Amino acid sequence: IEGFRADSVTLMPFLDSLARESYIFTNAYSTGRSSSQGLTAILGGFPAFAPLVYMHSPYSNNQLDGVPELLAGEGYSSVFYCGCSKGSYAFEALSRAVGYRRFVGREEYGNDADYDGTWGIFDDKMAKYVINDVSKEPEPFIGAWFNLDTHHPFVIPEEFRGRYRHPDRTHYQTVEYYDDVLKGFFADAARHEWYANTLFIIVADHGSLLHDPVYNGPNTLYKVPIILYTPDGSIPKGIDEKPASQIDIAPTILGYLNYGKPRISFGQDLLDPEAPRFAVSYVNGLYQIVEGDYLLQFDGVGSVALFDKTADPTLQDNIIDAHPDTVAGMELQLKAFLQDYTHRLTENRMSADRESGGI
C-alpha cells in the first residue's frame, strides 16, 4: 500500500509490513493524554475527559455495555493481560467493569526474574505468556493486552541491548524493541488454530511527546494508529482517511461479529460506510471535534477556533470567521455528543439493559 514502504529510518519494520496487509485508519485520534483515559475509551467505548479518571469517579459502578460483557451472552470467554502489578492505574478494576472475566498481571505471571523494575513484566516475556495462556481459553474468546515498556523510563531487557540504532533508555529504542516483540507475538500466534479466524486490533492508548514540534500540537499529539488485521482476509486491506476515534473500536468489533442486540454506543462502526465519522478530544481546557478536513475547538460556551487540519496540520491559521456554516454544524454535533455522554454518565444510563428497565 502506497505510503507504508519500509525504509532506512522506520522504527517498526514489522508493524509496517503488517499494516500493508491490514485495514488501517490514518486519521485516528485518542480521547485524552493518559493510559487510563485511553483504556477507558478502547475497552469501554466511551471517553473519560481529563481530569476525570473513570474508575476513581463516582460513576465507576455504572452498568456498561462493554464488549466482553455483551459477548459473554454469546458464549465468549474473555481475558485482559497487563504485566503490571495489581492495582496499577486501576486497570484490573476497569477491565472487570467492562466485562472481562479474567485479569492476568504480574502476580499471575509469577516470575519476577522478568520484572522490568518499574512497570511490570518485560513485554517480550509477556507476549509469549499471552499466546500460551490465551490458547487455553475456551473458544470463542476476546482478549486484550496492554504493553508497558514503551513508557518512561524506557528500559528493555539486557539481551536486546545493542541491537538497535537508538541508545539505551530512549523512547525510540523501546519502539524498536516493541516491533521485535510484535514480530514474535504474531509468529507465535500463527502456530495456533485460532489465529486464522481472529480479528487483531492494534491501537495506541495515547500519543507521545517527541522532539519534533510538528508532532506536539493539539492535532498531531492526539493522533494514534488503529490497525485491523484479519489473517483470513475477512476485512480487506486498505487505507481509511476519514476521522476515527478510540471509542469507535468497540462498535466496530460488534459490527464485525454481526452483533445485533440493543446496546449503548458512543462511537461508530468504522466498517459501516454509512456511519458518521468524527472524533472528540479534550485538549488544554478545550473540547475539539475533528470532522472531514476540519478541526473545531470549543470552550464549553462557544467555538473559539476552526482549522483546516489537512492544509494546516500544525493549526497556525484560525479560519473560524470564514466558515460560519461549518462552525455551526460541527458545534451542534459536538454539543449533542457531550450532552448525551454527560447525561448518560451521571444518570447511569450507559447500558441498553438499564435503559430499557432490565435492571
# chains A, B, ... in the order shown; residues from 1 in each chain; ligands from 1

$ select_by_dssp --residues "segment 29-251 of chain A" --states "alpha helix (DSSP H)" --output "ChimeraX atom specification"
/A:35-39,67-72,91-97,106-109,123-134,171-189,249-251

$ closest_atom_pairs --of "segment 197-231 of chain A" --to "segment 9-31 of chain A" --cutoff "12 Å" --atoms "only C-alpha atoms" --output "tab-separated table"
residue	atom	partner	partner_atom	distance
A:Leu199	CA	A:Ser22	CA	10.5
A:Phe200	CA	A:Ser22	CA	9.5
A:Ile201	CA	A:Ser22	CA	9.7
A:Ile202	CA	A:Ile24	CA	9.6
A:Val203	CA	A:Ser30	CA	9.4
A:Ala204	CA	A:Ser30	CA	7.9
A:Asp205	CA	A:Ser30	CA	6.9
A:His206	CA	A:Ser30	CA	5.7
A:Gly207	CA	A:Ser30	CA	7.5
A:Ser208	CA	A:Ser30	CA	11.2
A:Pro218	CA	A:Tyr29	CA	10.6
A:Asn219	CA	A:Tyr29	CA	8.6
A:Thr220	CA	A:Tyr29	CA	8.7
A:Leu221	CA	A:Tyr29	CA	8.8
A:Tyr222	CA	A:Tyr29	CA	5.3
A:Lys223	CA	A:Tyr29	CA	4.5
A:Val224	CA	A:Tyr29	CA	5.4
A:Pro225	CA	A:Ala28	CA	6.3
A:Ile226	CA	A:Phe25	CA	5.4
A:Ile227	CA	A:Ile24	CA	4.6
A:Leu228	CA	A:Tyr23	CA	5.2
A:Tyr229	CA	A:Ser22	CA	4.7
A:Thr230	CA	A:Ser22	CA	7.2
A:Pro231	CA	A:Glu21	CA	8.6

$ write_last_selection --atoms "C-alpha atoms" --output "tab-separated table (two decimals), in the first residue's frame"
chain	number	residue	atom	x	y	z
A	199	LEU	CA	-9.50	-10.17	14.35
A	200	PHE	CA	-6.38	-8.42	15.66
A	201	ILE	CA	-6.64	-4.74	16.58
A	202	ILE	CA	-3.54	-2.64	17.26
A	203	VAL	CA	-4.12	0.79	18.79
A	204	ALA	CA	-2.18	3.22	21.00
A	205	ASP	CA	-3.56	4.41	24.33
A	206	HIS	CA	-2.25	7.93	23.67
A	207	GLY	CA	0.34	9.86	21.71
A	208	SER	CA	3.85	10.73	22.88
A	218	PRO	CA	-3.47	19.75	19.54
A	219	ASN	CA	-3.97	17.93	16.23
A	220	THR	CA	-0.88	15.74	15.84
A	221	LEU	CA	-0.33	14.94	19.54
A	222	TYR	CA	-3.68	13.14	19.65
A	223	LYS	CA	-3.10	11.08	16.53
A	224	VAL	CA	-2.89	7.33	17.17
A	225	PRO	CA	-2.74	4.26	14.91
A	226	ILE	CA	-5.73	1.97	14.54
A	227	ILE	CA	-4.92	-1.20	12.60
A	228	LEU	CA	-7.37	-4.04	11.86
A	229	TYR	CA	-5.72	-7.27	10.74
A	230	THR	CA	-7.53	-10.48	9.80
A	231	PRO	CA	-5.32	-13.36	8.63

$ residues_around --residues "Glu331 of chain A" --least-positions-apart "2" --cutoff "10 Å" --atoms "only C-alpha atoms" --output "list in words"
Gln288, Ile289, Leu296, Gln297, Phe298, Gly302, Ser303, Asp325, Thr326, Val327, Ala328, Gly329, Gln333, Leu334, Lys335, Ala336 and Phe337 of chain A

$ write_last_selection --atoms "N, CA and C atoms" --output "short mmCIF file (atom, residue, chain, number, x, y, z; two decimals), in the first residue's frame"
data_model
loop_
_atom_site.label_atom_id
_atom_site.label_comp_id
_atom_site.auth_asym_id
_atom_site.auth_seq_id
_atom_site.Cartn_x
_atom_site.Cartn_y
_atom_site.Cartn_z
N GLN A 288 -12.35 19.49 21.42
CA GLN A 288 -12.16 19.64 19.98
C GLN A 288 -12.81 18.47 19.27
N ILE A 289 -13.38 18.78 18.12
CA ILE A 289 -14.00 17.76 17.29
C ILE A 289 -13.37 17.83 15.91
N LEU A 296 -12.44 21.71 15.02
CA LEU A 296 -13.09 22.81 15.73
C LEU A 296 -12.76 22.73 17.20
N GLN A 297 -12.42 23.86 17.80
CA GLN A 297 -12.18 23.93 19.24
C GLN A 297 -13.30 24.73 19.91
N PHE A 298 -13.74 24.22 21.08
CA PHE A 298 -14.93 24.71 21.77
C PHE A 298 -14.62 24.82 23.25
N GLY A 302 -18.81 28.46 23.63
CA GLY A 302 -18.89 28.69 22.19
C GLY A 302 -17.62 28.24 21.50
N SER A 303 -17.66 28.20 20.19
CA SER A 303 -16.49 27.82 19.40
C SER A 303 -15.48 28.96 19.38
N ASP A 325 -20.99 28.38 8.50
CA ASP A 325 -21.87 27.21 8.38
C ASP A 325 -21.17 25.95 8.89
N THR A 326 -19.89 25.80 8.55
CA THR A 326 -19.12 24.66 9.05
C THR A 326 -19.02 24.69 10.57
N VAL A 327 -18.76 25.87 11.12
CA VAL A 327 -18.66 26.03 12.57
C VAL A 327 -19.99 25.65 13.23
N ALA A 328 -21.09 26.12 12.69
CA ALA A 328 -22.40 25.84 13.29
C ALA A 328 -22.71 24.35 13.29
N GLY A 329 -22.43 23.68 12.19
CA GLY A 329 -22.71 22.25 12.10
C GLY A 329 -21.84 21.42 13.03
N GLN A 333 -22.92 19.19 16.45
CA GLN A 333 -22.55 17.78 16.62
C GLN A 333 -21.82 17.56 17.93
N LEU A 334 -20.89 18.45 18.26
CA LEU A 334 -20.11 18.32 19.49
C LEU A 334 -21.00 18.49 20.71
N LYS A 335 -21.88 19.49 20.71
CA LYS A 335 -22.77 19.71 21.85
C LYS A 335 -23.69 18.51 22.06
N ALA A 336 -24.20 17.96 20.98
CA ALA A 336 -25.09 16.80 21.10
C ALA A 336 -24.35 15.62 21.71
N PHE A 337 -23.11 15.39 21.26
CA PHE A 337 -22.30 14.30 21.79
C PHE A 337 -22.04 14.51 23.28
#

$ residues_around --residues "Tyr172 of chain A" --least-positions-apart "4" --cutoff "12 Å" --atoms "only C-alpha atoms" --output "ChimeraX atom specification"
/A:9-12,149-156,164-168,176-179,208-211

$ write_last_selection --atoms "N, CA and C atoms" --output "PDB file, in the first residue's frame"
ATOM      1  N   VAL A   9      14.771   4.632   7.860  1.00  0.00           N
ATOM      2  CA  VAL A   9      14.527   5.342   9.108  1.00  0.00           C
ATOM      3  C   VAL A   9      13.313   4.797   9.858  1.00  0.00           C
ATOM      4  N   THR A  10      12.643   3.799   9.338  1.00  0.00           N
ATOM      5  CA  THR A  10      11.481   3.296  10.048  1.00  0.00           C
ATOM      6  C   THR A  10      11.902   2.667  11.373  1.00  0.00           C
ATOM      7  N   LEU A  11      11.108   2.896  12.405  1.00  0.00           N
ATOM      8  CA  LEU A  11      11.370   2.303  13.709  1.00  0.00           C
ATOM      9  C   LEU A  11      10.714   0.944  13.848  1.00  0.00           C
ATOM     10  N   MET A  12       9.693   0.672  13.037  1.00  0.00           N
ATOM     11  CA  MET A  12       8.904  -0.541  13.216  1.00  0.00           C
ATOM     12  C   MET A  12       8.681  -1.246  11.876  1.00  0.00           C
ATOM     13  N   ASP A 149       6.550  -1.374  28.117  1.00  0.00           N
ATOM     14  CA  ASP A 149       7.923  -0.881  28.083  1.00  0.00           C
ATOM     15  C   ASP A 149       8.187   0.272  27.124  1.00  0.00           C
ATOM     16  N   THR A 150       7.167   0.724  26.406  1.00  0.00           N
ATOM     17  CA  THR A 150       7.336   1.947  25.629  1.00  0.00           C
ATOM     18  C   THR A 150       7.016   3.183  26.475  1.00  0.00           C
ATOM     19  N   HIS A 151       6.853   2.984  27.783  1.00  0.00           N
ATOM     20  CA  HIS A 151       6.657   4.084  28.719  1.00  0.00           C
ATOM     21  C   HIS A 151       7.973   4.378  29.455  1.00  0.00           C
ATOM     22  N   HIS A 152       8.137   5.609  29.902  1.00  0.00           N
ATOM     23  CA  HIS A 152       9.291   6.020  30.689  1.00  0.00           C
ATOM     24  C   HIS A 152       9.410   5.111  31.917  1.00  0.00           C
ATOM     25  N   PRO A 153      10.609   4.648  32.284  1.00  0.00           N
ATOM     26  CA  PRO A 153      11.955   5.114  31.912  1.00  0.00           C
ATOM     27  C   PRO A 153      12.579   4.391  30.716  1.00  0.00           C
ATOM     28  N   PHE A 154      11.782   3.705  29.899  1.00  0.00           N
ATOM     29  CA  PHE A 154      12.254   3.153  28.627  1.00  0.00           C
ATOM     30  C   PHE A 154      13.382   2.125  28.808  1.00  0.00           C
ATOM     31  N   VAL A 155      13.099   1.126  29.621  1.00  0.00           N
ATOM     32  CA  VAL A 155      14.047   0.052  29.875  1.00  0.00           C
ATOM     33  C   VAL A 155      13.665  -1.169  29.046  1.00  0.00           C
ATOM     34  N   ILE A 156      14.652  -1.799  28.424  1.00  0.00           N
ATOM     35  CA  ILE A 156      14.415  -3.039  27.683  1.00  0.00           C
ATOM     36  C   ILE A 156      15.300  -4.135  28.267  1.00  0.00           C
ATOM     37  N   TYR A 164      19.828  -2.167  18.398  1.00  0.00           N
ATOM     38  CA  TYR A 164      19.067  -1.110  17.747  1.00  0.00           C
ATOM     39  C   TYR A 164      19.903   0.137  17.478  1.00  0.00           C
ATOM     40  N   ARG A 165      19.382   0.977  16.603  1.00  0.00           N
ATOM     41  CA  ARG A 165      20.109   2.184  16.202  1.00  0.00           C
ATOM     42  C   ARG A 165      20.143   3.228  17.313  1.00  0.00           C
ATOM     43  N   HIS A 166      19.092   3.266  18.132  1.00  0.00           N
ATOM     44  CA  HIS A 166      18.983   4.329  19.122  1.00  0.00           C
ATOM     45  C   HIS A 166      19.536   3.883  20.479  1.00  0.00           C
ATOM     46  N   PRO A 167      20.033   4.822  21.271  1.00  0.00           N
ATOM     47  CA  PRO A 167      20.705   4.471  22.530  1.00  0.00           C
ATOM     48  C   PRO A 167      19.728   3.988  23.602  1.00  0.00           C
ATOM     49  N   ASP A 168      20.306   3.380  24.652  1.00  0.00           N
ATOM     50  CA  ASP A 168      19.517   2.868  25.765  1.00  0.00           C
ATOM     51  C   ASP A 168      18.709   3.978  26.427  1.00  0.00           C
ATOM     52  N   GLU A 176      11.623   0.432  18.812  1.00  0.00           N
ATOM     53  CA  GLU A 176      12.299  -0.597  18.016  1.00  0.00           C
ATOM     54  C   GLU A 176      12.171  -1.972  18.682  1.00  0.00           C
ATOM     55  N   TYR A 177      12.378  -2.004  19.988  1.00  0.00           N
ATOM     56  CA  TYR A 177      12.229  -3.244  20.754  1.00  0.00           C
ATOM     57  C   TYR A 177      10.812  -3.796  20.635  1.00  0.00           C
ATOM     58  N   TYR A 178       9.827  -2.920  20.763  1.00  0.00           N
ATOM     59  CA  TYR A 178       8.449  -3.402  20.725  1.00  0.00           C
ATOM     60  C   TYR A 178       8.080  -3.944  19.343  1.00  0.00           C
ATOM     61  N   ASP A 179       8.710  -3.442  18.309  1.00  0.00           N
ATOM     62  CA  ASP A 179       8.480  -4.015  16.983  1.00  0.00           C
ATOM     63  C   ASP A 179       8.931  -5.476  16.952  1.00  0.00           C
ATOM     64  N   SER A 208       2.660  10.456  22.082  1.00  0.00           N
ATOM     65  CA  SER A 208       3.847  10.733  22.884  1.00  0.00           C
ATOM     66  C   SER A 208       4.501  12.027  22.428  1.00  0.00           C
ATOM     67  N   LEU A 209       5.020  12.765  23.388  1.00  0.00           N
ATOM     68  CA  LEU A 209       5.769  13.976  23.075  1.00  0.00           C
ATOM     69  C   LEU A 209       7.084  13.602  22.403  1.00  0.00           C
ATOM     70  N   LEU A 210       7.347  14.179  21.264  1.00  0.00           N
ATOM     71  CA  LEU A 210       8.577  13.922  20.525  1.00  0.00           C
ATOM     72  C   LEU A 210       9.367  15.217  20.383  1.00  0.00           C
ATOM     73  N   HIS A 211      10.614  15.076  19.949  1.00  0.00           N
ATOM     74  CA  HIS A 211      11.463  16.259  19.830  1.00  0.00           C
ATOM     75  C   HIS A 211      10.966  17.201  18.736  1.00  0.00           C
TER      76      HIS A 211
END

$ select_by_dssp --residues "segment 27-214 of chain A" --states "strand (DSSP E)" --output "VMD selection string"
chain A and resid 27 to 29 77 to 82 102 to 104 141 to 146 200 to 203

$ closest_atom_pairs --of "segment 181-299 of chain A" --to "segment 41-54 of chain A" --cutoff "6 Å" --atoms "only C-alpha atoms" --output "JSON lines"
{"residue": "A:Gln246", "atom": "CA", "partner": "A:Ile42", "partner_atom": "CA", "distance": 5.2}
{"residue": "A:Ile247", "atom": "CA", "partner": "A:Gly45", "partner_atom": "CA", "distance": 4.3}
{"residue": "A:Ala250", "atom": "CA", "partner": "A:Gly45", "partner_atom": "CA", "distance": 5.4}
{"residue": "A:Phe266", "atom": "CA", "partner": "A:Phe46", "partner_atom": "CA", "distance": 5.9}
{"residue": "A:Tyr282", "atom": "CA", "partner": "A:Phe49", "partner_atom": "CA", "distance": 6.0}

$ write_last_selection --atoms "N, CA, C and O atoms" --output "short mmCIF file (atom, residue, chain, number, x, y, z; two decimals), in the first residue's frame"
data_model
loop_
_atom_site.label_atom_id
_atom_site.label_comp_id
_atom_site.auth_asym_id
_atom_site.auth_seq_id
_atom_site.Cartn_x
_atom_site.Cartn_y
_atom_site.Cartn_z
N GLN A 246 -10.75 6.26 19.28
CA GLN A 246 -10.64 5.05 20.11
C GLN A 246 -12.01 4.50 20.50
O GLN A 246 -12.18 3.29 20.62
N ILE A 247 -13.00 5.36 20.70
CA ILE A 247 -14.32 4.89 21.12
C ILE A 247 -15.06 4.18 19.99
O ILE A 247 -16.11 3.59 20.21
N ALA A 250 -14.98 -0.42 19.94
CA ALA A 250 -15.99 -1.34 20.48
C ALA A 250 -17.13 -1.59 19.48
O ALA A 250 -17.44 -2.76 19.18
N PHE A 266 -21.24 5.09 22.05
CA PHE A 266 -20.87 6.48 21.81
C PHE A 266 -20.06 6.64 20.53
O PHE A 266 -19.95 7.74 20.00
N TYR A 282 -10.31 16.22 24.44
CA TYR A 282 -10.26 17.36 25.36
C TYR A 282 -8.81 17.79 25.46
O TYR A 282 -7.96 17.02 25.90
#

$ closest_residue --among "A:Met55, A:Val104, A:Ala279, A:Ile131" --to "Gly292 of chain A" --atoms "only C-alpha atoms"
A:Ala279

$ closest_atom_pairs --of "segment 80-180 of chain A" --to "segment 57-63 of chain A" --cutoff "12 Å" --atoms "only C-alpha atoms" --output "tab-separated table"
residue	atom	partner	partner_atom	distance
A:Ala90	CA	A:Ser60	CA	10.8
A:Ala93	CA	A:Ser60	CA	9.1
A:Leu94	CA	A:Ser60	CA	8.4
A:Ser95	CA	A:Ser60	CA	11.7
A:Arg96	CA	A:Asn61	CA	10.7
A:Ala97	CA	A:Asn61	CA	7.6
A:Val98	CA	A:Gln63	CA	8.5
A:Gly99	CA	A:Gln63	CA	9.9

$ closest_residue --among "A:His171, A:Lys136, A:His323, A:Arg33" --to "Ser281 of chain A" --atoms "only C-alpha atoms"
A:Arg33

$ residues_around --residues "Asp123 of chain A" --least-positions-apart "3" --cutoff "12 Å" --atoms "only C-alpha atoms" --output "mmCIF file with N, CA and C atoms, in the first residue's frame"
data_model
loop_
_atom_site.group_PDB
_atom_site.id
_atom_site.type_symbol
_atom_site.label_atom_id
_atom_site.label_comp_id
_atom_site.auth_asym_id
_atom_site.auth_seq_id
_atom_site.Cartn_x
_atom_site.Cartn_y
_atom_site.Cartn_z
ATOM 1 N N TYR A 81 -4.870 -8.839 29.688
ATOM 2 C CA TYR A 81 -3.482 -9.030 30.102
ATOM 3 C C TYR A 81 -2.781 -7.687 30.276
ATOM 4 N N CYS A 82 -2.079 -7.555 31.378
ATOM 5 C CA CYS A 82 -1.184 -6.420 31.597
ATOM 6 C C CYS A 82 -0.135 -6.901 32.578
ATOM 7 N N GLY A 83 1.137 -6.795 32.231
ATOM 8 C CA GLY A 83 2.190 -7.300 33.100
ATOM 9 C C GLY A 83 2.426 -6.465 34.336
ATOM 10 N N CYS A 84 1.546 -5.489 34.600
ATOM 11 C CA CYS A 84 1.711 -4.594 35.738
ATOM 12 C C CYS A 84 1.277 -5.273 37.043
ATOM 13 N N GLY A 105 -1.990 -10.339 35.471
ATOM 14 C CA GLY A 105 -0.974 -9.326 35.676
ATOM 15 C C GLY A 105 0.338 -9.923 36.151
ATOM 16 N N ARG A 106 1.152 -9.087 36.780
ATOM 17 C CA ARG A 106 2.482 -9.511 37.232
ATOM 18 C C ARG A 106 2.395 -10.683 38.206
ATOM 19 N N TYR A 109 1.517 -13.845 36.379
ATOM 20 C CA TYR A 109 2.664 -14.282 35.577
ATOM 21 C C TYR A 109 3.615 -15.121 36.426
ATOM 22 N N ASP A 114 11.607 -11.672 35.378
ATOM 23 C CA ASP A 114 11.284 -10.955 34.142
ATOM 24 C C ASP A 114 10.670 -9.582 34.415
ATOM 25 N N TYR A 115 10.798 -9.093 35.633
ATOM 26 C CA TYR A 115 10.267 -7.777 36.030
ATOM 27 C C TYR A 115 11.192 -6.680 35.518
ATOM 28 N N ASP A 116 10.612 -5.624 34.930
ATOM 29 C CA ASP A 116 11.434 -4.553 34.352
ATOM 30 C C ASP A 116 11.915 -3.535 35.376
ATOM 31 N N TRP A 119 7.504 -0.976 35.761
ATOM 32 C CA TRP A 119 6.107 -1.136 35.378
ATOM 33 C C TRP A 119 5.578 -2.546 35.604
ATOM 34 N N GLY A 120 6.382 -3.536 35.231
ATOM 35 C CA GLY A 120 5.887 -4.896 35.335
ATOM 36 C C GLY A 120 6.764 -5.845 34.533
ATOM 37 N N MET A 126 6.093 -11.190 28.328
ATOM 38 C CA MET A 126 4.637 -11.199 28.469
ATOM 39 C C MET A 126 3.969 -11.643 27.175
ATOM 40 N N ALA A 127 4.555 -11.281 26.040
ATOM 41 C CA ALA A 127 3.978 -11.657 24.752
ATOM 42 C C ALA A 127 3.879 -13.175 24.622
ATOM 43 N N LYS A 128 4.941 -13.866 24.994
ATOM 44 C CA LYS A 128 4.918 -15.330 24.917
ATOM 45 C C LYS A 128 3.906 -15.914 25.896
ATOM 46 N N TYR A 129 3.842 -15.321 27.083
ATOM 47 C CA TYR A 129 2.879 -15.787 28.081
ATOM 48 C C TYR A 129 1.449 -15.615 27.570
ATOM 49 N N VAL A 130 1.179 -14.456 26.975
ATOM 50 C CA VAL A 130 -0.177 -14.174 26.472
ATOM 51 C C VAL A 130 -0.600 -15.228 25.457
ATOM 52 N N TRP A 145 -4.414 -6.997 25.443
ATOM 53 C CA TRP A 145 -3.094 -6.946 26.074
ATOM 54 C C TRP A 145 -2.575 -5.517 26.013
ATOM 55 N N PHE A 146 -2.221 -4.985 27.191
ATOM 56 C CA PHE A 146 -1.646 -3.645 27.308
ATOM 57 C C PHE A 146 -0.146 -3.785 27.515
ATOM 58 N N ASN A 147 0.656 -3.228 26.586
ATOM 59 C CA ASN A 147 2.105 -3.330 26.735
ATOM 60 C C ASN A 147 2.636 -2.192 27.602
ATOM 61 N N LEU A 148 3.835 -2.389 28.163
ATOM 62 C CA LEU A 148 4.360 -1.491 29.187
ATOM 63 C C LEU A 148 5.631 -0.739 28.811
ATOM 64 N N ASP A 149 6.550 -1.374 28.117
ATOM 65 C CA ASP A 149 7.923 -0.881 28.083
ATOM 66 C C ASP A 149 8.187 0.272 27.124
ATOM 67 N N THR A 150 7.167 0.724 26.406
ATOM 68 C CA THR A 150 7.336 1.947 25.629
ATOM 69 C C THR A 150 7.016 3.183 26.475
ATOM 70 N N HIS A 151 6.853 2.984 27.783
ATOM 71 C CA HIS A 151 6.657 4.084 28.719
ATOM 72 C C HIS A 151 7.973 4.378 29.455
ATOM 73 N N PHE A 154 11.782 3.705 29.899
ATOM 74 C CA PHE A 154 12.254 3.153 28.627
ATOM 75 C C PHE A 154 13.382 2.125 28.808
ATOM 76 N N VAL A 155 13.099 1.126 29.621
ATOM 77 C CA VAL A 155 14.047 0.052 29.875
ATOM 78 C C VAL A 155 13.665 -1.169 29.046
ATOM 79 N N ILE A 156 14.652 -1.799 28.424
ATOM 80 C CA ILE A 156 14.415 -3.039 27.683
ATOM 81 C C ILE A 156 15.300 -4.135 28.267
ATOM 82 N N PRO A 157 15.006 -5.405 28.013
ATOM 83 C CA PRO A 157 15.817 -6.492 28.576
ATOM 84 C C PRO A 157 17.271 -6.436 28.100
ATOM 85 N N PHE A 160 18.435 -7.652 24.662
ATOM 86 C CA PHE A 160 18.049 -6.900 23.459
ATOM 87 C C PHE A 160 18.933 -5.669 23.239
ATOM 88 N N THR A 174 12.855 1.830 22.650
ATOM 89 C CA THR A 174 11.795 0.932 23.114
ATOM 90 C C THR A 174 10.772 0.667 22.012
ATOM 91 N N VAL A 175 10.588 1.622 21.110
ATOM 92 C CA VAL A 175 9.702 1.388 19.977
ATOM 93 C C VAL A 175 10.315 0.339 19.051
ATOM 94 N N TYR A 177 12.378 -2.004 19.988
ATOM 95 C CA TYR A 177 12.229 -3.244 20.754
ATOM 96 C C TYR A 177 10.812 -3.796 20.635
ATOM 97 N N TYR A 178 9.827 -2.920 20.763
ATOM 98 C CA TYR A 178 8.449 -3.402 20.725
ATOM 99 C C TYR A 178 8.080 -3.944 19.343
ATOM 100 N N ASP A 179 8.710 -3.442 18.309
ATOM 101 C CA ASP A 179 8.480 -4.015 16.983
ATOM 102 C C ASP A 179 8.931 -5.476 16.952
ATOM 103 N N ASP A 180 10.065 -5.773 17.579
ATOM 104 C CA ASP A 180 10.512 -7.158 17.681
ATOM 105 C C ASP A 180 9.549 -7.982 18.531
ATOM 106 N N VAL A 181 9.009 -7.359 19.587
ATOM 107 C CA VAL A 181 8.026 -8.052 20.430
ATOM 108 C C VAL A 181 6.807 -8.448 19.599
ATOM 109 N N LEU A 182 6.304 -7.509 18.810
ATOM 110 C CA LEU A 182 5.142 -7.805 17.965
ATOM 111 C C LEU A 182 5.452 -8.880 16.932
ATOM 112 N N LYS A 183 6.643 -8.830 16.371
ATOM 113 C CA LYS A 183 7.030 -9.838 15.380
ATOM 114 C C LYS A 183 6.982 -11.236 16.001
ATOM 115 N N GLY A 184 7.526 -11.364 17.206
ATOM 116 C CA GLY A 184 7.496 -12.647 17.888
ATOM 117 C C GLY A 184 6.090 -13.052 18.288
ATOM 118 N N PHE A 185 5.306 -12.080 18.718
ATOM 119 C CA PHE A 185 3.923 -12.337 19.121
ATOM 120 C C PHE A 185 3.121 -12.940 17.971
#

$ decode --residues "segment 89-100 of chain A" --atoms "N, CA, C and O atoms" --output "PDB file, in the first residue's frame"
ATOM      1  N   TYR A  89      -2.952   1.764  38.212  1.00  0.00           N
ATOM      2  CA  TYR A  89      -3.831   2.592  37.400  1.00  0.00           C
ATOM      3  C   TYR A  89      -5.260   2.055  37.316  1.00  0.00           C
ATOM      4  O   TYR A  89      -5.996   2.391  36.392  1.00  0.00           O
ATOM      5  N   ALA A  90      -5.639   1.212  38.258  1.00  0.00           N
ATOM      6  CA  ALA A  90      -6.987   0.625  38.292  1.00  0.00           C
ATOM      7  C   ALA A  90      -7.318  -0.127  37.009  1.00  0.00           C
ATOM      8  O   ALA A  90      -8.492  -0.253  36.646  1.00  0.00           O
ATOM      9  N   PHE A  91      -6.293  -0.661  36.327  1.00  0.00           N
ATOM     10  CA  PHE A  91      -6.541  -1.386  35.078  1.00  0.00           C
ATOM     11  C   PHE A  91      -7.371  -2.646  35.316  1.00  0.00           C
ATOM     12  O   PHE A  91      -8.252  -2.972  34.523  1.00  0.00           O
ATOM     13  N   GLU A  92      -7.076  -3.366  36.400  1.00  0.00           N
ATOM     14  CA  GLU A  92      -7.853  -4.573  36.668  1.00  0.00           C
ATOM     15  C   GLU A  92      -9.310  -4.220  36.925  1.00  0.00           C
ATOM     16  O   GLU A  92     -10.228  -4.865  36.389  1.00  0.00           O
ATOM     17  N   ALA A  93      -9.547  -3.186  37.728  1.00  0.00           N
ATOM     18  CA  ALA A  93     -10.921  -2.783  38.024  1.00  0.00           C
ATOM     19  C   ALA A  93     -11.657  -2.347  36.761  1.00  0.00           C
ATOM     20  O   ALA A  93     -12.834  -2.684  36.557  1.00  0.00           O
ATOM     21  N   LEU A  94     -10.964  -1.609  35.879  1.00  0.00           N
ATOM     22  CA  LEU A  94     -11.594  -1.173  34.636  1.00  0.00           C
ATOM     23  C   LEU A  94     -11.920  -2.372  33.754  1.00  0.00           C
ATOM     24  O   LEU A  94     -13.008  -2.442  33.165  1.00  0.00           O
ATOM     25  N   SER A  95     -10.984  -3.322  33.650  1.00  0.00           N
ATOM     26  CA  SER A  95     -11.232  -4.482  32.799  1.00  0.00           C
ATOM     27  C   SER A  95     -12.453  -5.254  33.282  1.00  0.00           C
ATOM     28  O   SER A  95     -13.260  -5.735  32.474  1.00  0.00           O
ATOM     29  N   ARG A  96     -12.618  -5.363  34.581  1.00  0.00           N
ATOM     30  CA  ARG A  96     -13.777  -6.086  35.113  1.00  0.00           C
ATOM     31  C   ARG A  96     -15.051  -5.276  34.946  1.00  0.00           C
ATOM     32  O   ARG A  96     -16.134  -5.839  34.726  1.00  0.00           O
ATOM     33  N   ALA A  97     -14.943  -3.952  35.027  1.00  0.00           N
ATOM     34  CA  ALA A  97     -16.124  -3.097  34.862  1.00  0.00           C
ATOM     35  C   ALA A  97     -16.721  -3.227  33.463  1.00  0.00           C
ATOM     36  O   ALA A  97     -17.943  -3.121  33.294  1.00  0.00           O
ATOM     37  N   VAL A  98     -15.877  -3.440  32.455  1.00  0.00           N
ATOM     38  CA  VAL A  98     -16.396  -3.572  31.088  1.00  0.00           C
ATOM     39  C   VAL A  98     -16.693  -5.016  30.712  1.00  0.00           C
ATOM     40  O   VAL A  98     -17.129  -5.284  29.597  1.00  0.00           O
ATOM     41  N   GLY A  99     -16.422  -5.935  31.650  1.00  0.00           N
ATOM     42  CA  GLY A  99     -16.887  -7.291  31.435  1.00  0.00           C
ATOM     43  C   GLY A  99     -15.849  -8.372  31.261  1.00  0.00           C
ATOM     44  O   GLY A  99     -16.208  -9.542  31.059  1.00  0.00           O
ATOM     45  N   TYR A 100     -14.540  -8.044  31.320  1.00  0.00           N
ATOM     46  CA  TYR A 100     -13.540  -9.107  31.204  1.00  0.00           C
ATOM     47  C   TYR A 100     -13.640 -10.023  32.417  1.00  0.00           C
ATOM     48  O   TYR A 100     -13.616  -9.563  33.564  1.00  0.00           O
TER      49      TYR A 100
END
